[in-house]
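query_3.pdb follows; it contains PDB, C-alpha atoms, pLDDT in the B column.
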ATOM      1  CA  MET A   1       0.000   0.000   0.000  1.00 44.00           C
ATOM      2  CA  SER A   2       2.750   2.462   0.951  1.00 44.00           C
ATOM      3  CA  THR A   3       4.747   1.575  -2.192  1.00 45.00           C
ATOM      4  CA  GLN A   4       1.737   2.280  -4.389  1.00 43.00           C
ATOM      5  CA  ALA A   5       1.078   5.577  -2.595  1.00 45.00           C
ATOM      6  CA  GLN A   6       4.673   6.653  -3.158  1.00 47.00           C
ATOM      7  CA  THR A   7       4.443   6.122  -6.928  1.00 49.00           C
ATOM      8  CA  VAL A   8       1.167   7.982  -7.499  1.00 50.00           C
ATOM      9  CA  PRO A   9       1.877  11.140  -9.559  1.00 52.00           C
ATOM     10  CA  ARG A  10       1.386  14.316  -7.573  1.00 64.00           C
ATOM     11  CA  ALA A  11       1.263  18.022  -8.333  1.00 78.00           C
ATOM     12  CA  ARG A  12       4.666  19.603  -8.797  1.00 90.00           C
ATOM     13  CA  ILE A  13       6.304  21.593  -6.030  1.00 95.00           C
ATOM     14  CA  GLU A  14       7.135  24.797  -7.906  1.00 95.00           C
ATOM     15  CA  ARG A  15       7.731  27.414  -5.220  1.00 97.00           C
ATOM     16  CA  ILE A  16       8.957  27.093  -1.641  1.00 98.00           C
ATOM     17  CA  ALA A  17       8.896  30.245   0.497  1.00 98.00           C
ATOM     18  CA  LEU A  18      11.476  30.680   3.242  1.00 98.00           C
ATOM     19  CA  GLY A  19      11.055  33.056   6.153  1.00 98.00           C
ATOM     20  CA  SER A  20      14.645  34.323   6.072  1.00 97.00           C
ATOM     21  CA  ASP A  21      17.112  35.838   3.648  1.00 95.00           C
ATOM     22  CA  ARG A  22      20.186  34.323   5.341  1.00 92.00           C
ATOM     23  CA  ALA A  23      22.491  32.591   2.866  1.00 90.00           C
ATOM     24  CA  ALA A  24      23.012  29.501   5.053  1.00 91.00           C
ATOM     25  CA  LYS A  25      19.271  28.924   5.350  1.00 95.00           C
ATOM     26  CA  ILE A  26      18.669  29.421   1.622  1.00 96.00           C
ATOM     27  CA  MET A  27      21.446  26.924   0.878  1.00 95.00           C
ATOM     28  CA  ALA A  28      19.853  24.446   3.282  1.00 96.00           C
ATOM     29  CA  VAL A  29      16.459  24.671   1.566  1.00 98.00           C
ATOM     30  CA  ARG A  30      18.016  24.247  -1.874  1.00 98.00           C
ATOM     31  CA  ALA A  31      20.018  21.238  -0.691  1.00 97.00           C
ATOM     32  CA  ALA A  32      16.940  19.641   0.888  1.00 98.00           C
ATOM     33  CA  ILE A  33      14.969  20.212  -2.333  1.00 97.00           C
ATOM     34  CA  ALA A  34      17.715  18.493  -4.312  1.00 97.00           C
ATOM     35  CA  ARG A  35      17.588  15.508  -1.956  1.00 96.00           C
ATOM     36  CA  GLY A  36      13.806  15.336  -2.261  1.00 95.00           C
ATOM     37  CA  ALA A  37      14.033  15.518  -6.046  1.00 95.00           C
ATOM     38  CA  GLU A  38      16.180  12.376  -6.038  1.00 95.00           C
ATOM     39  CA  ILE A  39      13.202  10.329  -4.900  1.00 92.00           C
ATOM     40  CA  ASP A  40      10.248  12.436  -6.065  1.00 92.00           C
ATOM     41  CA  SER A  41      10.222  14.051  -9.507  1.00 93.00           C
ATOM     42  CA  ALA A  42       7.572  16.538  -8.324  1.00 94.00           C
ATOM     43  CA  TRP A  43      10.368  18.421  -6.524  1.00 95.00           C
ATOM     44  CA  ARG A  44      12.723  18.821  -9.489  1.00 95.00           C
ATOM     45  CA  GLU A  45      11.579  22.285 -10.602  1.00 93.00           C
ATOM     46  CA  ALA A  46      11.127  23.809  -7.147  1.00 96.00           C
ATOM     47  CA  ASN A  47      12.448  27.345  -6.657  1.00 96.00           C
ATOM     48  CA  VAL A  48      13.119  29.134  -3.373  1.00 97.00           C
ATOM     49  CA  VAL A  49      11.615  32.527  -2.580  1.00 97.00           C
ATOM     50  CA  ALA A  50      13.321  34.029   0.480  1.00 97.00           C
ATOM     51  CA  ARG A  51      11.941  36.916   2.512  1.00 97.00           C
ATOM     52  CA  SER A  52      13.224  38.519   5.696  1.00 96.00           C
ATOM     53  CA  VAL A  53      10.538  38.293   8.392  1.00 96.00           C
ATOM     54  CA  LYS A  54       9.882  39.617  11.884  1.00 93.00           C
ATOM     55  CA  THR A  55       8.693  37.346  14.698  1.00 93.00           C
ATOM     56  CA  ASP A  56       8.161  37.424  18.448  1.00 91.00           C
ATOM     57  CA  ALA A  57      10.858  34.782  18.928  1.00 87.00           C
ATOM     58  CA  PRO A  58      13.822  35.759  21.119  1.00 89.00           C
ATOM     59  CA  ALA A  59      17.066  36.666  19.358  1.00 85.00           C
ATOM     60  CA  MET A  60      18.629  33.632  21.032  1.00 89.00           C
ATOM     61  CA  PRO A  61      16.157  30.806  21.702  1.00 91.00           C
ATOM     62  CA  LEU A  62      17.141  28.803  24.786  1.00 92.00           C
ATOM     63  CA  ASN A  63      14.906  25.723  24.577  1.00 95.00           C
ATOM     64  CA  ASP A  64      13.049  23.540  22.106  1.00 96.00           C
ATOM     65  CA  TRP A  65       9.736  25.307  22.699  1.00 96.00           C
ATOM     66  CA  GLU A  66      11.227  28.659  21.700  1.00 96.00           C
ATOM     67  CA  LEU A  67      12.975  27.089  18.715  1.00 97.00           C
ATOM     68  CA  MET A  68       9.849  25.345  17.450  1.00 98.00           C
ATOM     69  CA  SER A  69       7.707  28.421  18.006  1.00 97.00           C
ATOM     70  CA  GLY A  70      10.232  30.613  16.192  1.00 97.00           C
ATOM     71  CA  ALA A  71      10.404  28.274  13.203  1.00 98.00           C
ATOM     72  CA  ARG A  72       6.614  28.162  12.963  1.00 98.00           C
ATOM     73  CA  GLN A  73       6.292  31.939  13.256  1.00 98.00           C
ATOM     74  CA  ARG A  74       8.804  32.404  10.432  1.00 98.00           C
ATOM     75  CA  ALA A  75       6.880  30.115   8.095  1.00 98.00           C
ATOM     76  CA  LEU A  76       3.552  31.764   8.855  1.00 98.00           C
ATOM     77  CA  ALA A  77       5.104  35.238   8.534  1.00 97.00           C
ATOM     78  CA  VAL A  78       6.516  34.553   5.064  1.00 98.00           C
ATOM     79  CA  ARG A  79       3.161  33.103   4.028  1.00 97.00           C
ATOM     80  CA  GLN A  80       1.453  36.318   5.116  1.00 97.00           C
ATOM     81  CA  ILE A  81       3.998  38.438   3.234  1.00 96.00           C
ATOM     82  CA  LEU A  82       3.452  36.498   0.020  1.00 96.00           C
ATOM     83  CA  LEU A  83      -0.329  36.625   0.376  1.00 95.00           C
ATOM     84  CA  GLU A  84      -0.121  40.416   0.746  1.00 95.00           C
ATOM     85  CA  GLN A  85       1.951  40.485  -2.454  1.00 93.00           C
ATOM     86  CA  LYS A  86      -0.692  38.295  -4.122  1.00 94.00           C
ATOM     87  CA  LEU A  87       1.812  35.472  -4.439  1.00 92.00           C
ATOM     88  CA  GLU A  88       1.501  31.900  -3.310  1.00 93.00           C
ATOM     89  CA  ALA A  89       3.896  29.067  -2.629  1.00 97.00           C
ATOM     90  CA  ASP A  90       3.402  25.330  -2.447  1.00 97.00           C
ATOM     91  CA  LEU A  91       5.265  25.156   0.862  1.00 98.00           C
ATOM     92  CA  TYR A  92       6.195  27.730   3.502  1.00 98.00           C
ATOM     93  CA  VAL A  93       9.316  27.147   5.582  1.00 98.00           C
ATOM     94  CA  GLY A  94      10.686  28.502   8.836  1.00 98.00           C
ATOM     95  CA  LEU A  95      14.086  27.677  10.335  1.00 98.00           C
ATOM     96  CA  GLU A  96      15.266  28.560  13.846  1.00 96.00           C
ATOM     97  CA  GLY A  97      18.540  27.722  15.585  1.00 94.00           C
ATOM     98  CA  GLY A  98      19.546  28.055  19.212  1.00 94.00           C
ATOM     99  CA  PHE A  99      20.224  26.235  22.487  1.00 95.00           C
ATOM    100  CA  HIS A 100      18.540  23.428  24.347  1.00 95.00           C
ATOM    101  CA  SER A 101      19.814  22.420  27.796  1.00 94.00           C
ATOM    102  CA  ILE A 102      19.195  19.175  29.626  1.00 94.00           C
ATOM    103  CA  SER A 103      20.303  17.762  32.970  1.00 93.00           C
ATOM    104  CA  VAL A 104      21.871  14.294  32.982  1.00 93.00           C
ATOM    105  CA  GLU A 105      22.498  12.886  36.455  1.00 92.00           C
ATOM    106  CA  GLY A 106      22.606  16.389  37.884  1.00 91.00           C
ATOM    107  CA  GLU A 107      25.001  17.790  35.297  1.00 93.00           C
ATOM    108  CA  TRP A 108      23.732  20.310  32.759  1.00 93.00           C
ATOM    109  CA  HIS A 109      24.593  19.999  29.081  1.00 96.00           C
ATOM    110  CA  THR A 110      23.721  22.636  26.495  1.00 96.00           C
ATOM    111  CA  PHE A 111      23.345  21.716  22.846  1.00 97.00           C
ATOM    112  CA  LEU A 112      23.157  23.754  19.682  1.00 96.00           C
ATOM    113  CA  ARG A 113      20.425  22.609  17.341  1.00 96.00           C
ATOM    114  CA  GLY A 114      17.862  23.827  14.875  1.00 96.00           C
ATOM    115  CA  TRP A 115      14.224  23.253  14.099  1.00 98.00           C
ATOM    116  CA  ALA A 116      12.401  23.412  10.775  1.00 98.00           C
ATOM    117  CA  PHE A 117       8.685  23.985  10.301  1.00 98.00           C
ATOM    118  CA  VAL A 118       6.902  23.403   6.994  1.00 98.00           C
ATOM    119  CA  THR A 119       3.285  23.989   5.991  1.00 98.00           C
ATOM    120  CA  ASP A 120       1.275  24.046   2.791  1.00 96.00           C
ATOM    121  CA  GLY A 121      -1.415  26.086   4.514  1.00 94.00           C
ATOM    122  CA  GLU A 122      -3.182  22.987   5.790  1.00 94.00           C
ATOM    123  CA  ARG A 123      -0.732  20.274   6.766  1.00 95.00           C
ATOM    124  CA  GLU A 124       2.062  21.210   9.185  1.00 97.00           C
ATOM    125  CA  SER A 125       5.283  19.411  10.037  1.00 98.00           C
ATOM    126  CA  PHE A 126       8.340  19.891  12.253  1.00 98.00           C
ATOM    127  CA  GLY A 127      11.837  18.504  11.864  1.00 98.00           C
ATOM    128  CA  MET A 128      14.895  18.795  14.117  1.00 98.00           C
ATOM    129  CA  SER A 129      18.563  18.971  13.225  1.00 97.00           C
ATOM    130  CA  PRO A 130      21.328  16.980  14.932  1.00 96.00           C
ATOM    131  CA  SER A 131      22.723  18.447  18.158  1.00 97.00           C
ATOM    132  CA  ILE A 132      26.270  19.399  19.117  1.00 97.00           C
ATOM    133  CA  GLU A 133      27.375  20.193  22.664  1.00 97.00           C
ATOM    134  CA  VAL A 134      28.438  23.785  23.251  1.00 96.00           C
ATOM    135  CA  PRO A 135      31.477  24.627  25.441  1.00 94.00           C
ATOM    136  CA  ASP A 136      30.543  26.014  28.854  1.00 93.00           C
ATOM    137  CA  ALA A 137      32.412  29.270  28.271  1.00 92.00           C
ATOM    138  CA  ILE A 138      30.320  30.018  25.198  1.00 93.00           C
ATOM    139  CA  VAL A 139      27.077  29.034  26.922  1.00 94.00           C
ATOM    140  CA  LYS A 140      27.896  31.306  29.870  1.00 92.00           C
ATOM    141  CA  ASP A 141      28.741  34.238  27.593  1.00 92.00           C
ATOM    142  CA  VAL A 142      25.475  33.823  25.675  1.00 91.00           C
ATOM    143  CA  ILE A 143      23.107  33.210  28.596  1.00 88.00           C
ATOM    144  CA  GLN A 144      24.631  35.262  31.403  1.00 86.00           C
ATOM    145  CA  GLY A 145      26.058  37.907  29.115  1.00 79.00           C
ATOM    146  CA  LYS A 146      22.760  38.044  27.198  1.00 77.00           C
ATOM    147  CA  ARG A 147      24.600  38.114  23.869  1.00 83.00           C
ATOM    148  CA  GLU A 148      23.657  36.510  20.573  1.00 82.00           C
ATOM    149  CA  LEU A 149      25.489  33.296  19.756  1.00 87.00           C
ATOM    150  CA  GLY A 150      26.678  34.663  16.411  1.00 81.00           C
ATOM    151  CA  ILE A 151      28.466  37.556  18.117  1.00 84.00           C
ATOM    152  CA  VAL A 152      29.982  35.318  20.800  1.00 88.00           C
ATOM    153  CA  ILE A 153      31.221  32.806  18.215  1.00 83.00           C
ATOM    154  CA  ASP A 154      32.746  35.645  16.199  1.00 82.00           C
ATOM    155  CA  ASP A 155      34.755  36.615  19.297  1.00 83.00           C
ATOM    156  CA  PHE A 156      35.778  33.049  20.191  1.00 81.00           C
ATOM    157  CA  ALA A 157      36.704  32.075  16.630  1.00 76.00           C
ATOM    158  CA  GLY A 158      38.200  35.391  15.614  1.00 77.00           C
ATOM    159  CA  ILE A 159      36.080  35.359  12.453  1.00 73.00           C
ATOM    160  CA  ARG A 160      33.702  38.050  11.278  1.00 72.00           C
ATOM    161  CA  ASP A 161      30.021  37.215  10.678  1.00 66.00           C
ATOM    162  CA  VAL A 162      30.310  33.467  11.321  1.00 64.00           C
ATOM    163  CA  ARG A 163      26.501  33.213  11.280  1.00 65.00           C
ATOM    164  CA  SER A 164      26.336  33.996   7.559  1.00 60.00           C
ATOM    165  CA  LYS A 165      29.096  31.510   6.770  1.00 63.00           C
ATOM    166  CA  GLN A 166      29.674  28.134   8.425  1.00 72.00           C
ATOM    167  CA  GLY A 167      27.885  29.208  11.607  1.00 80.00           C
ATOM    168  CA  ALA A 168      28.631  28.041  15.135  1.00 88.00           C
ATOM    169  CA  TRP A 169      28.178  24.506  13.828  1.00 90.00           C
ATOM    170  CA  GLY A 170      31.136  24.916  11.504  1.00 88.00           C
ATOM    171  CA  VAL A 171      33.327  26.409  14.225  1.00 87.00           C
ATOM    172  CA  LEU A 172      32.498  23.686  16.751  1.00 92.00           C
ATOM    173  CA  SER A 173      32.827  20.782  14.276  1.00 93.00           C
ATOM    174  CA  ARG A 174      35.750  22.242  12.264  1.00 90.00           C
ATOM    175  CA  ASP A 175      33.406  22.434   9.280  1.00 89.00           C
ATOM    176  CA  LEU A 176      32.537  18.732   9.266  1.00 95.00           C
ATOM    177  CA  LEU A 177      28.994  20.002   9.846  1.00 92.00           C
ATOM    178  CA  THR A 178      28.062  23.555   8.906  1.00 90.00           C
ATOM    179  CA  ARG A 179      25.026  25.606   9.869  1.00 90.00           C
ATOM    180  CA  SER A 180      23.540  24.970   6.432  1.00 92.00           C
ATOM    181  CA  MET A 181      24.090  21.216   6.716  1.00 94.00           C
ATOM    182  CA  SER A 182      22.404  21.091  10.135  1.00 95.00           C
ATOM    183  CA  PHE A 183      19.339  22.915   8.791  1.00 97.00           C
ATOM    184  CA  GLU A 184      19.298  20.647   5.744  1.00 97.00           C
ATOM    185  CA  ALA A 185      18.857  17.622   8.032  1.00 97.00           C
ATOM    186  CA  ALA A 186      16.014  19.352   9.889  1.00 98.00           C
ATOM    187  CA  LEU A 187      14.328  20.184   6.576  1.00 98.00           C
ATOM    188  CA  ILE A 188      14.588  16.665   5.208  1.00 98.00           C
ATOM    189  CA  ALA A 189      12.763  15.538   8.348  1.00 98.00           C
ATOM    190  CA  ALA A 190      10.146  18.308   8.164  1.00 98.00           C
ATOM    191  CA  PHE A 191       9.525  17.783   4.431  1.00 97.00           C
ATOM    192  CA  ALA A 192       8.842  14.049   4.933  1.00 96.00           C
ATOM    193  CA  PRO A 193       5.010  14.255   4.912  1.00 95.00           C
ATOM    194  CA  PHE A 194       5.213  16.111   1.594  1.00 95.00           C
ATOM    195  CA  TYR A 195       7.660  13.874  -0.319  1.00 94.00           C
ATOM    196  CA  ASN A 196       6.516  10.668   1.394  1.00 92.00           C
ATOM    197  CA  PRO A 197       2.771  11.251   1.927  1.00 90.00           C
ATOM    198  CA  GLY A 198       1.951   7.560   1.806  1.00 89.00           C
ATOM    199  CA  MET A 199       3.409   7.174   5.272  1.00 92.00           C
ATOM    200  CA  TYR A 200       1.629  10.212   6.707  1.00 91.00           C
ATOM    201  CA  CYS A 201      -1.910   9.858   5.383  1.00 80.00           C
TER     202      CYS A 201
END
Structure rendered as structure tokens:
Amino acid sequence: MSTQAQTVPRARIERIALGSDRAAKIMAVRAAIARGAEIDSAWREANVVARSVKTDAPAMPLNDWELMSGARQRALAVRQILLEQKLEADLYVGLEGGFHSISVEGEWHTFLRGWAFVTDGERESFGMSPSIEVPDAIVKDVIQGKRELGIVIDDFAGIRDVRSKQGAWGVLSRDLLTRSMSFEAALIAAFAPFYNPGMYC
């Protein structure tokens, strides 16, 4: 049944709207589209429309709830922008990165990770990136110093505007995983109900 559902021709995905104009996020969406196109021809002609958006999310989300909420707000905000411009997209995407801390046997660990949210206006889906542990000194500077991670990483790495390049992910993993790559993984997960609908009906 699922095999048959996967081979049924579907409408093409022609336009995907992203609630950000950051290069790393645009690259992530394009990479995720290319991966989807490998298994679903409906994705092969998809183009990305990127718009800067404003949300109520904190500049530096500190838990999964804030990350998920921020990603969702971004997707809904870009949808509203396009509707006001009398444009539509097949899918609307929001991406949000930040911290999530958890206590293991009384010891706190803080991880950097991202969330993706995707909607077609009816169906909604979340996806999460991998996580990488953040050094305590960086966590302290961000949380106690109330500074954005991008600025702190710039100082620690001695690189200007890390956020628009490899991101904190690239600095922490020595570019084995970049910010764009982490968001790509989150997107592949969030896009699943749309390129593999037979499993999500």
Original post:
Of the candidates A:Ala157, A:Leu172, A:Leu83, A:Leu95, which shows the shortest atom-to-atom distance to A:Ala57, using all atoms listed in the file?
Top reply: A:Leu95
**OP:** Have a look at atom CA of A:Arg74 and atom CA of A:His100 and let me know their distance in Å, one decimal.
**Re:**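 Straight-line distance from atom CA of A:Arg74 to atom CA of A:His100 works out to 19.2 Å.
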Original post:
Mind telling me what the PyMOL selection byres ((chain A and resi 180) around 7) catches here, as a ChimeraX atom specification?
Top reply: /A:24-25,27-28,178-179,181-184
Original post:
Which is closest to A:Arg30 among A:Arg174, A:Ile151, A:Arg15, A:Ala42, if we use only C-alpha atoms?
Top reply: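 Comparing A:Arg174, A:Ile151, A:Arg15, A:Ala42 against A:Arg30, the winner is A:Arg15.
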**OP:** For the file shown, report as a PyMOL selection string the outcome of the PyMOL selection byres ((chain A and resi 41) around 10) at residue level.
**Re:** chain A and resi 9-13+36-40+42-45+195
